[in-house]
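**Q** Sharing a structure below in structure tokens format, with a few things to ask.
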Amino acid sequence: MAIRVVVAEDNYLVREAVVRLLDASPEIEVAGACEDFDSLIATVEGVHPDVVVTDIRMPPTGTDEGVRAAKQLRETQPDVGVVVLSQYVEPGYALELLDEGSERRAYLLKERVSDVDQLLRAIQEVAAGGSVIDPKVVEALVTARARRSDSRLDQLTPREQEVLAEMAQGRNNAAVAAALGLSERAVEKHINSVFSKLGLTEEPDVNRRVKAVLLYLADRPA
């Protein structure tokens with residue numbers, strides 16, 4: 001069964017481009033397209049999609065409508081996944097998006113739209129209940145945290161830092177192992193060491209671990 005998607009983007013040309021890209025995939029059914037916060041909420045309530053793909057900035061304020069829509073839908077329609085697209089690396093918005101849970105949430109840079117496979121993977125992941133964070137946003141968080149003089153990241157080995165970055169992208173142990181060429185058992189040991197050194201409570205759920213790692217890296221209390 002195709003994943004039903006609503007696209008929200010105030011720029012007409014970008015909106016049409018995203019709609020056409022998604023329409024070309026047999027795995028996706030575009031159920032609606034809109035240009036601002038109010039029409040997005042109304043469209044979702046009317047067509048009940050599986051996933052929303054939304055720009056982070058739309059009318060009426062042009063600031064954080066995509067994140068606010070994700071938060072509102074978390075309360076009104078928690079089964080709807082949301083992929084937020086941002087033109088810039090804005091870790092603060094990514095953290096705000098995940099503040100109430102990372103399940104069914106993705107934060108990607110708009111440049112990923114040109115790579116339809118990446119966009120499709122993000123849609124599929126959030127539709128299945130997972131989460132995706134753009135690698136560039138993860139890198140910005142890691143870099144900002146590492147610059148602090150009291151950073152606990154200094155305690156991590158280079159391999160543990162690589163594992164941490166993969167975890168923060170929402171990958172499970174098997175995916176981390178495949179990406180880094182390690183065994184799953186080795187990845188599990190690195191993850192246990194990372195959580196121990198960072199003082200984070202170990203969570204069985206991958207999405208919660210992603211949220212905890214991102215919050216820590218941004219130096220916000222979990």
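In the structure tokens, chains take letters A, B, ... by order of appearance, with residues numbered from 1 within each chain and ligands from 1 in the order shown.
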I want to know what sits within 9 Å of range 62-70 of chain A, based on only C-alpha atoms, with residues of the same chain fewer than 3 positions away left out; could you give that as a PyMOL selection string?

**A** chain A and resi 8+36-37+40-41+52-59+73-75+80-85+93-94+96-97+105

**Q** Please indicate the distance in Å from CA of Ser25 in chain A to CA of Asn172 in chain A, rounded to one decimal place.

**A**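 Taking CA of Ser25 in chain A and CA of Asn172 in chain A, their separation equals 26.0 Å.
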
**Q** Which is closer to Ser196 in chain A than all the others in A:Ala178, A:Glu160, A:Val126, A:Asn173, using only C-alpha atoms?

**A**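 Nearest candidate to Ser196 in chain A out of A:Ala178, A:Glu160, A:Val126, A:Asn173: A:Glu160.
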
**Q** Between A:Ala174, A:Ala2, A:Val194, A:Leu108, which one has atoms that come closest to Gln155 in chain A, using only C-alpha atoms?

**A** A:Val194

**Q** Counting only C-alpha atoms, what is within 10 Å of Leu180 in chain A, bar same-chain residues fewer than 5 positions away, as a PyMOL selection string?

**A** chain A and resi 159+162-163+166+175+187

**Q** Using DSSP on the backbone coordinates, identify the residues of range 30-204 of chain A assigned to strand (DSSP E or B); present them as JSON, numbers by chain.

**A** {"A": [30, 31, 32, 33, 34, 51, 52, 53, 54, 55, 81, 82, 83, 84, 85, 86, 105, 106, 107, 108, 109, 131, 132, 133]}

**Q** With DSSP run on the backbone, what are the helix (DSSP H, G or I) residues within range 17-146 of chain A? I'd like them as a VMD selection string.

**A** chain A and resid 17 to 23 37 to 47 65 to 76 91 to 98 110 to 114 116 to 127 135 to 146

**Q** Give me the residues near Val47 in chain A as a PyMOL selection string, where near means some atom within 10 Å (using only C-alpha atoms) and where sequence neighbours in that chain fewer than 5 positions away do not count.

**A** chain A and resi 4-6+31-32+42

**Q** Report, in Å with one decimal, the straight-line distance from CA of Glu139 in chain A to CA of Asp115 in chain A.

**A**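 CA of Glu139 in chain A sits 19.7 Å away from CA of Asp115 in chain A.
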
**Q** Which of these residues is nearest to Leu98 in chain A, using only C-alpha atoms: A:Leu120, A:Pro135, A:Pro60, A:Ala168?

**A**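 Closest candidate: A:Ala168.
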
**Q** Just how far from CA of Leu22 in chain A is CA of Leu119 in chain A, in Å to one decimal?

**A**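 According to the coordinates, CA of Leu119 in chain A and CA of Leu22 in chain A are separated by 8.9 Å.
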